[in-house]
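Accompanying notes for the structure given below.
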Amino acid sequence: MKVVEKIEKKQVAEFYRQMLLIRRFEEKAAEMYMRGKIRGFLHLYIGEEAIAVGAISVLKPEDYIVTHYRDHGHAIARGMDPKVIMAELFGKATGSSKGKGGSMHLFDASKNFLGGYAIVGAQLPIAVGLALASRQLQNGRVVLCFFGEGAVNEGEFHESMNLASLWKLPIVFFLENNLYGMGTHIDNTHAGGRDVYKAVGDYNMASHRVDGMDVMAVHEATLEAVDGVRSGEGPFFLEALTYRFRGHSMADPINYRDKAEEAEWRRKDPIDSLKRWALEEGVLTKNYVETIEEGVEKELQAAVEFADQSPDPPLDSLMQDVYA
Amino acid sequence: MAEMTYREAISKGLREALETDERVFLMGEDIGAYGGAYAVTRGFLKEFGPRRIKDTPISESVVVGAGIGAAMAGLKPVVELMTINFSLLAMDQIVNNAAKLRYMSGGQLKVPLIIRTVTGGGAQLAATHSQSLEGWYASVPGLKVAVPSTPYDALGLLRAAFEDENPILFAEHALLYGLRGDVPAERYTVPLGQADIKRFGKDVTLVAYSRMTHVALRAAEELAREGVEAEVVDLRTLRPLDKERIIQSVKKTSRCLVIEETWRTGGFGAEVASMIQEEAFDYLDGPVARLGGADAPMPYSRSLEMAAIPDEKKIIRTLKEVVGI
Ligand SMILES: Cc1ncc(C[n+]2csc(CCOP(=O)(O)OP(=O)(O)O)c2C)c(N)n1
């Protein structure tokens with residue numbers, strides 16, 4: 001664990017609670033998928049929780065977040081209610097998008113969580129626009145934009161890096177590099193090598209790499225990045241090295257990865273690491289950790305019950321909200 | 001009443017919006033220092049400054065995406081795509097983001113974005129630069145598509161677009177910018193979704209939009225000399241589509257030809273023709289005829305290009321052959 005000065009116990013406890021909530025939420029979701037309660041694509045974030053939690057903890061409520069389809073973690077870290085997310089996954093009327101978005105398209109406008117985007121790279125131009133609005137309106141808002149390393153090879157990535165930097169827009173571009181885009185390793189897709197964060201040098205953008213399995217390190221790096229961005233220095237590019245413990249989606253048999261590699265990354269489990277560190281250092285007591293764990297289980301139990309008992313969307317909602 | 005060109009009418013609509021609504025800003029390739037590829041925004045940069053008039057890199061996707069993001073954040077952006085041909089590089093943002101964000105968010109978001117662009121052929125710009133793709137966009141729920149044919153309609157529709165809260169593709173025809181027409185001094189709007197009868201007649205209905213409206217009108221004048229009175233319905237917007245006005249006209253004339261500039265196969269005209277036969281079949285005296293552009297990439301050579309685009313002669317020939325006039 002990165003030793004971060006001035007971090008409060010309360011914050012550490014909250015990191016643990018959120019990461020665990022995400023992990024257990026997704027384990028539940030996977031279970032519900034196997035039971036046929038959830039259909040379509042379900043992309044799990046398991047293994048990557050430290051990034052969403054560490055980074056989003058830095059934002060103010062008025063700041064914006066956009067992300068990709070692997071979005072449950074970001075949504076929960078932003079404080080979206082697990083109940084309405086689970087209900088959305090179940091396709092129910094009480095879901096965050098009234099059952100019209102599903103797992104890949106979570107939104108909570110009240111929290112400025114402006115979406116999961118299921119077309120690789122499509123959220124990057126949106127981030128540029130949100131930051132442009134912040135600039136035009138002089139309201140000091142920062143945009144945090146998450147994406148995977150697969151998006152780096154899309155044209156939109158380069159268009160967005162260039163324009164954001166040219167106009168010095170307040171965005172933190174946050175690359176979650178989990179080494180694989182579906183089943184294809186980064187070595188087979190990216191000519192620039194493994195140091196992806198250096199790819200933005202040509203756009204005159206500052207960048208930095210951080211250990212994506214360490215919530216404290218992510219928090220600290222994002223804090224610095226957001227400070228600079230908010231003060232008008234232009235966009236900042238952060239790359240976190242991470243690993244998704246599960247397949248790309250529930251449909252993925254994961255036959256392209258080395259078992260030893262998987263085991264090595266699992267040893268870096270961000271939730272276990274934080275818990276071990278917090279207990280060893282006496283930051284959190286065993287009792288307190290257990291209380292958190294019980295709270296998370298209760299909350300998720302309630303979320304699943306809520307989703308299960310909620311009604312399907314009424315059929316006449318089919319044509320609603322096509323237009324404003 | 002003042003006479004002005006199509007170009008001036010659009011400039012006027014943009015200028016009014018910039019003057020009256022702080023949320024409005026324009027961005028696109030060469031709209032500032034250069035004044036716009038079709039000179040619609042000439043002088044704007046000086047008048048409104050770089051905060052409101054933004055020259056962008058040649059990056060269609062991020063420009064449209066940034067328009068969507070800014071619109072979601074409460075602004076009213078006007079994004080200019082130099083021509084509709086280049087919209088293909090932004091198609092994902094238009095079709096997957098602009099059109100769907102409201103629906104996918106369960107009504108939480110709004111995307112009040114205007115995408116101005118230039119459509120149409122006829123200037124010998126060959127296959128990549130002469131397309132009329134607005135019909136494709138018109139098939140996407142969540143989008144609105146405006147296709148003005150006159151200065152009056154251009155200004156009225158643009159004002160309506162500024163009042164609307166949805167993403168709108170506003171397709172101006174490249175060959176119409178110099179067209180002159182009367183525009184009232186007092187403020188008016190042309191509601192999105194209201195077709196216009198540009199010429200009244202009892203014998204046959206010609207449905208068209210954008211530049212083809214004028215071609216249809218000229219054909220109608222020629223037909224009049226032969227004693228046939230054609231009614232010309234100008235759609236003005238493809239989505240929403242004013243079905244009622246089309247059907248009313250067809251019920252009156254019992255004969256119909258649908259004209260469009262682009263490829264006939266899968267063209268928007270097919271949608272209109274099919275709608276007519278569903279809703280006015282019993283009133284028809286013959287098949288609903290269609291006339292579209294040649295099913296070939298647009299050729300460069302003048303004679304070939306003219307052969308590829310509908311004109312008065314082709315309209316009259318089709319009426320005689322298919323409609324029996
Ligand atoms: C434009 C586009 N192409 C392909 C896909 C299919 N697809 C979905 S996710 C994915 C891999 C993306 O990998 P990465 O960006 O590294 O993110 P990760 O899934 O690893 O989090 C692909 C190919 C898509 N959704 N969008």
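Starting from 1 in every chain, residues are counted up; chains themselves are A, B, ... following the order of the structure tokens, and ligands are numbered from 1 as listed.
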
Run DSSP on the backbone and grab whatever in stretch 221-300 of chain B lands in strand (DSSP E or B); send it over as a PyMOL selection string. chain B and resi 230-234+237-239+256-263+289-293

Prev. selection, N, CA, C and O atoms, output as a PDB file, in the first residue's frame:
ATOM      1  N   ALA B 230     -50.250  20.054 -61.281  1.00  0.00           N
ATOM      2  CA  ALA B 230     -49.576  19.247 -60.268  1.00  0.00           C
ATOM      3  C   ALA B 230     -49.527  20.007 -58.948  1.00  0.00           C
ATOM      4  O   ALA B 230     -49.336  21.229 -58.928  1.00  0.00           O
ATOM      5  N   GLU B 231     -49.689  19.268 -57.877  1.00  0.00           N
ATOM      6  CA  GLU B 231     -49.508  19.845 -56.539  1.00  0.00           C
ATOM      7  C   GLU B 231     -48.115  19.443 -56.061  1.00  0.00           C
ATOM      8  O   GLU B 231     -47.721  18.278 -56.198  1.00  0.00           O
ATOM      9  N   VAL B 232     -47.359  20.403 -55.511  1.00  0.00           N
ATOM     10  CA  VAL B 232     -46.006  20.091 -55.046  1.00  0.00           C
ATOM     11  C   VAL B 232     -45.954  20.180 -53.526  1.00  0.00           C
ATOM     12  O   VAL B 232     -46.170  21.238 -52.942  1.00  0.00           O
ATOM     13  N   VAL B 233     -45.691  19.044 -52.905  1.00  0.00           N
ATOM     14  CA  VAL B 233     -45.569  18.994 -51.444  1.00  0.00           C
ATOM     15  C   VAL B 233     -44.086  18.974 -51.083  1.00  0.00           C
ATOM     16  O   VAL B 233     -43.360  18.061 -51.466  1.00  0.00           O
ATOM     17  N   ASP B 234     -43.669  19.983 -50.344  1.00  0.00           N
ATOM     18  CA  ASP B 234     -42.280  20.076 -49.873  1.00  0.00           C
ATOM     19  C   ASP B 234     -42.248  19.555 -48.431  1.00  0.00           C
ATOM     20  O   ASP B 234     -42.866  20.135 -47.534  1.00  0.00           O
ATOM     21  N   THR B 237     -39.230  18.718 -43.379  1.00  0.00           N
ATOM     22  CA  THR B 237     -38.484  17.851 -42.449  1.00  0.00           C
ATOM     23  C   THR B 237     -38.796  16.404 -42.812  1.00  0.00           C
ATOM     24  O   THR B 237     -39.926  16.076 -43.152  1.00  0.00           O
ATOM     25  N   LEU B 238     -37.778  15.575 -42.757  1.00  0.00           N
ATOM     26  CA  LEU B 238     -37.980  14.154 -43.040  1.00  0.00           C
ATOM     27  C   LEU B 238     -38.421  13.436 -41.774  1.00  0.00           C
ATOM     28  O   LEU B 238     -39.144  12.446 -41.820  1.00  0.00           O
ATOM     29  N   ARG B 239     -37.915  13.916 -40.657  1.00  0.00           N
ATOM     30  CA  ARG B 239     -38.311  13.369 -39.356  1.00  0.00           C
ATOM     31  C   ARG B 239     -38.408  14.529 -38.392  1.00  0.00           C
ATOM     32  O   ARG B 239     -37.388  15.179 -38.180  1.00  0.00           O
ATOM     33  N   CYS B 256     -49.547  10.087 -57.553  1.00  0.00           N
ATOM     34  CA  CYS B 256     -48.414  10.625 -56.802  1.00  0.00           C
ATOM     35  C   CYS B 256     -47.067  10.142 -57.334  1.00  0.00           C
ATOM     36  O   CYS B 256     -46.905   8.982 -57.721  1.00  0.00           O
ATOM     37  N   LEU B 257     -46.142  11.080 -57.326  1.00  0.00           N
ATOM     38  CA  LEU B 257     -44.745  10.749 -57.639  1.00  0.00           C
ATOM     39  C   LEU B 257     -43.882  11.294 -56.512  1.00  0.00           C
ATOM     40  O   LEU B 257     -44.013  12.459 -56.125  1.00  0.00           O
ATOM     41  N   VAL B 258     -43.013  10.439 -55.985  1.00  0.00           N
ATOM     42  CA  VAL B 258     -42.108  10.855 -54.910  1.00  0.00           C
ATOM     43  C   VAL B 258     -40.706  11.011 -55.491  1.00  0.00           C
ATOM     44  O   VAL B 258     -40.192  10.077 -56.128  1.00  0.00           O
ATOM     45  N   ILE B 259     -40.120  12.179 -55.266  1.00  0.00           N
ATOM     46  CA  ILE B 259     -38.844  12.492 -55.917  1.00  0.00           C
ATOM     47  C   ILE B 259     -37.769  12.726 -54.862  1.00  0.00           C
ATOM     48  O   ILE B 259     -38.001  13.397 -53.856  1.00  0.00           O
ATOM     49  N   GLU B 260     -36.611  12.168 -55.099  1.00  0.00           N
ATOM     50  CA  GLU B 260     -35.484  12.485 -54.210  1.00  0.00           C
ATOM     51  C   GLU B 260     -34.202  12.463 -55.025  1.00  0.00           C
ATOM     52  O   GLU B 260     -34.128  11.842 -56.081  1.00  0.00           O
ATOM     53  N   GLU B 261     -33.180  13.159 -54.481  1.00  0.00           N
ATOM     54  CA  GLU B 261     -31.951  13.321 -55.251  1.00  0.00           C
ATOM     55  C   GLU B 261     -31.031  12.113 -55.154  1.00  0.00           C
ATOM     56  O   GLU B 261     -30.257  11.810 -56.051  1.00  0.00           O
ATOM     57  N   THR B 262     -31.128  11.407 -54.042  1.00  0.00           N
ATOM     58  CA  THR B 262     -30.143  10.363 -53.791  1.00  0.00           C
ATOM     59  C   THR B 262     -30.543   9.028 -54.425  1.00  0.00           C
ATOM     60  O   THR B 262     -31.586   8.898 -55.038  1.00  0.00           O
ATOM     61  N   TRP B 263     -29.689   8.037 -54.247  1.00  0.00           N
ATOM     62  CA  TRP B 263     -29.937   6.687 -54.753  1.00  0.00           C
ATOM     63  C   TRP B 263     -31.350   6.246 -54.433  1.00  0.00           C
ATOM     64  O   TRP B 263     -31.815   6.386 -53.314  1.00  0.00           O
ATOM     65  N   ALA B 289     -45.488   6.392 -57.863  1.00  0.00           N
ATOM     66  CA  ALA B 289     -44.225   6.293 -58.600  1.00  0.00           C
ATOM     67  C   ALA B 289     -43.087   6.920 -57.807  1.00  0.00           C
ATOM     68  O   ALA B 289     -43.310   7.761 -56.942  1.00  0.00           O
ATOM     69  N   ARG B 290     -41.884   6.461 -58.111  1.00  0.00           N
ATOM     70  CA  ARG B 290     -40.715   7.029 -57.442  1.00  0.00           C
ATOM     71  C   ARG B 290     -39.678   7.432 -58.475  1.00  0.00           C
ATOM     72  O   ARG B 290     -39.479   6.757 -59.484  1.00  0.00           O
ATOM     73  N   LEU B 291     -39.010   8.534 -58.157  1.00  0.00           N
ATOM     74  CA  LEU B 291     -37.888   8.950 -58.986  1.00  0.00           C
ATOM     75  C   LEU B 291     -36.746   9.313 -58.044  1.00  0.00           C
ATOM     76  O   LEU B 291     -36.910  10.136 -57.142  1.00  0.00           O
ATOM     77  N   GLY B 292     -35.621   8.654 -58.262  1.00  0.00           N
ATOM     78  CA  GLY B 292     -34.464   8.964 -57.426  1.00  0.00           C
ATOM     79  C   GLY B 292     -33.241   9.140 -58.298  1.00  0.00           C
ATOM     80  O   GLY B 292     -33.324   9.088 -59.532  1.00  0.00           O
ATOM     81  N   GLY B 293     -32.103   9.344 -57.656  1.00  0.00           N
ATOM     82  CA  GLY B 293     -30.862   9.436 -58.399  1.00  0.00           C
ATOM     83  C   GLY B 293     -30.469   8.069 -58.928  1.00  0.00           C
ATOM     84  O   GLY B 293     -31.021   7.043 -58.515  1.00  0.00           O
TER      85      GLY B 293
END

Select from stretch 95-234 of chain B everything DSSP, run on the backbone, classes as helix (DSSP H, G or I), then give the selection as a PyMOL selection string. chain B and resi 95-98+101-104+127-129+134-138+151-163+174-176+211-225

Grab me every residue within 9 Å of ligand 1, counting only C-alpha atoms and all ligand atoms, and send it over as a count of residues only. 37

Cut-off 9 Å: closest chain A/chain B atom pairs per residue, using only C-alpha atoms, as a Markdown table:
| residue | atom | partner | partner_atom | distance |
| --- | --- | --- | --- | --- |
| A:Gly95 | CA | B:Gly106 | CA | 8.8 |
| A:Ser96 | CA | B:Gly106 | CA | 7.1 |
| A:Ser97 | CA | B:Gly106 | CA | 3.9 |
| A:Lys98 | CA | B:Gly106 | CA | 5.4 |
| A:Gly99 | CA | B:Gly106 | CA | 7.6 |
| A:Lys100 | CA | B:Met104 | CA | 5.5 |
| A:Gly101 | CA | B:Met104 | CA | 4.6 |
| A:Gly102 | CA | B:Met104 | CA | 8.3 |
| A:His105 | CA | B:Met104 | CA | 6.6 |
| A:Leu106 | CA | B:Ser105 | CA | 7.1 |
| A:Phe107 | CA | B:Ser105 | CA | 5.7 |
| A:Asp108 | CA | B:Gln108 | CA | 7.4 |
| A:Ala109 | CA | B:Gln108 | CA | 6.1 |
| A:Ser110 | CA | B:Gln108 | CA | 8.6 |
| A:Leu114 | CA | B:Leu109 | CA | 8.3 |
| A:Gly115 | CA | B:Ser105 | CA | 8.0 |
| A:Tyr117 | CA | B:Asn97 | CA | 8.5 |
| A:Ile119 | CA | B:Asn96 | CA | 8.1 |
| A:Ala122 | CA | B:Gln93 | CA | 7.0 |
| A:Gln123 | CA | B:Gly65 | CA | 8.1 |
| A:Leu124 | CA | B:Val62 | CA | 7.8 |
| A:Pro125 | CA | B:Gly65 | CA | 4.5 |
| A:Ile126 | CA | B:Gly69 | CA | 4.4 |
| A:Ala127 | CA | B:Gly69 | CA | 6.4 |
| A:Val128 | CA | B:Ala66 | CA | 5.3 |
| A:Gly129 | CA | B:Ala66 | CA | 3.4 |
| A:Leu130 | CA | B:Gly69 | CA | 4.6 |
| A:Ala131 | CA | B:Ala70 | CA | 7.6 |
| A:Leu132 | CA | B:Ala70 | CA | 6.4 |
| A:Ala133 | CA | B:Ala70 | CA | 4.9 |
| A:Ser134 | CA | B:Ala73 | CA | 8.0 |
| A:Gln136 | CA | B:Arg51 | CA | 7.3 |
| A:Leu137 | CA | B:Arg23 | CA | 8.6 |
| A:Gly155 | CA | B:Ser61 | CA | 8.5 |
| A:Glu156 | CA | B:Val62 | CA | 6.4 |
| A:Phe157 | CA | B:Val62 | CA | 8.7 |
| A:Glu159 | CA | B:Ser59 | CA | 5.8 |
| A:Ser160 | CA | B:Val62 | CA | 5.8 |
| A:Asn162 | CA | B:Pro57 | CA | 8.6 |
| A:Leu163 | CA | B:Pro57 | CA | 7.4 |
| A:Gln320 | CA | B:Tyr103 | CA | 7.7 |
| A:Asp321 | CA | B:Tyr103 | CA | 5.1 |
| A:Val322 | CA | B:Gly142 | CA | 5.2 |
| A:Tyr323 | CA | B:Gly142 | CA | 5.6 |
| A:Ala324 | CA | B:Glu165 | CA | 6.0 |

Just how far from atom CA of A:Val58 is atom CA of A:Asp81, in Å to one decimal?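 Interatomic distance, atom CA of A:Asp81 to atom CA of A:Val58: 19.1 Å.
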
Just want the 10 Å neighbourhood of A:Ser273, counted on only C-alpha atoms, with same-chain residues fewer than 3 positions away dropped. Output as a VMD selection string. chain A and resid 1 213 to 215 267 to 270 276 to 278

Write the residues of the preceding selection, restricted to C-alpha atoms, as a PDB file, in the first residue's frame.
ATOM      1  CA  MET A   1       0.000   0.000   0.000  1.00  0.00           C
ATOM      2  CA  MET A 213      -4.272  -2.344  -7.613  1.00  0.00           C
ATOM      3  CA  ASP A 214      -3.540   0.206  -4.881  1.00  0.00           C
ATOM      4  CA  VAL A 215      -6.496   2.387  -3.992  1.00  0.00           C
ATOM      5  CA  ARG A 267      -2.131 -11.983  -5.347  1.00  0.00           C
ATOM      6  CA  LYS A 268      -2.396  -8.218  -5.795  1.00  0.00           C
ATOM      7  CA  ASP A 269      -6.128  -8.196  -5.137  1.00  0.00           C
ATOM      8  CA  PRO A 270      -6.853  -4.560  -4.275  1.00  0.00           C
ATOM      9  CA  ARG A 276      -4.507  -6.631   5.250  1.00  0.00           C
ATOM     10  CA  TRP A 277      -2.679  -3.333   5.382  1.00  0.00           C
ATOM     11  CA  ALA A 278      -5.382  -1.560   7.382  1.00  0.00           C
TER      12      ALA A 278
END

A:Lys198, A:Lys111, A:Arg230, A:Arg17: which is nearest A:Pro61, counting only C-alpha atoms?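 The closest residue to A:Pro61 is A:Lys111.
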
List the neighbours of stretch 179-194 of chain B out to 9 Å using only C-alpha atoms; skip same-chain residues closer than 2 positions along the sequence, and give me the result as a ChimeraX atom specification. /B:1-7,9,144-146,150-161,164,175-177,196,235-243,245

Any idea what the distance is between atom CA of A:Met34 and atom CA of A:Ile22?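 Those two atoms sit 18.3 Å apart.
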
Separating atom CA of B:Ile114 from atom CA of B:Leu26, to the nearest tenth of an Å, is a gap of 9.5 Å

Residues within 10 Å of A:Tyr33, please, as an NGL selection string. Count only C-alpha atoms; anything in the same chain fewer than 6 positions from it doesn't count. :A and (27 or 39-42 or 89-90 or 250)
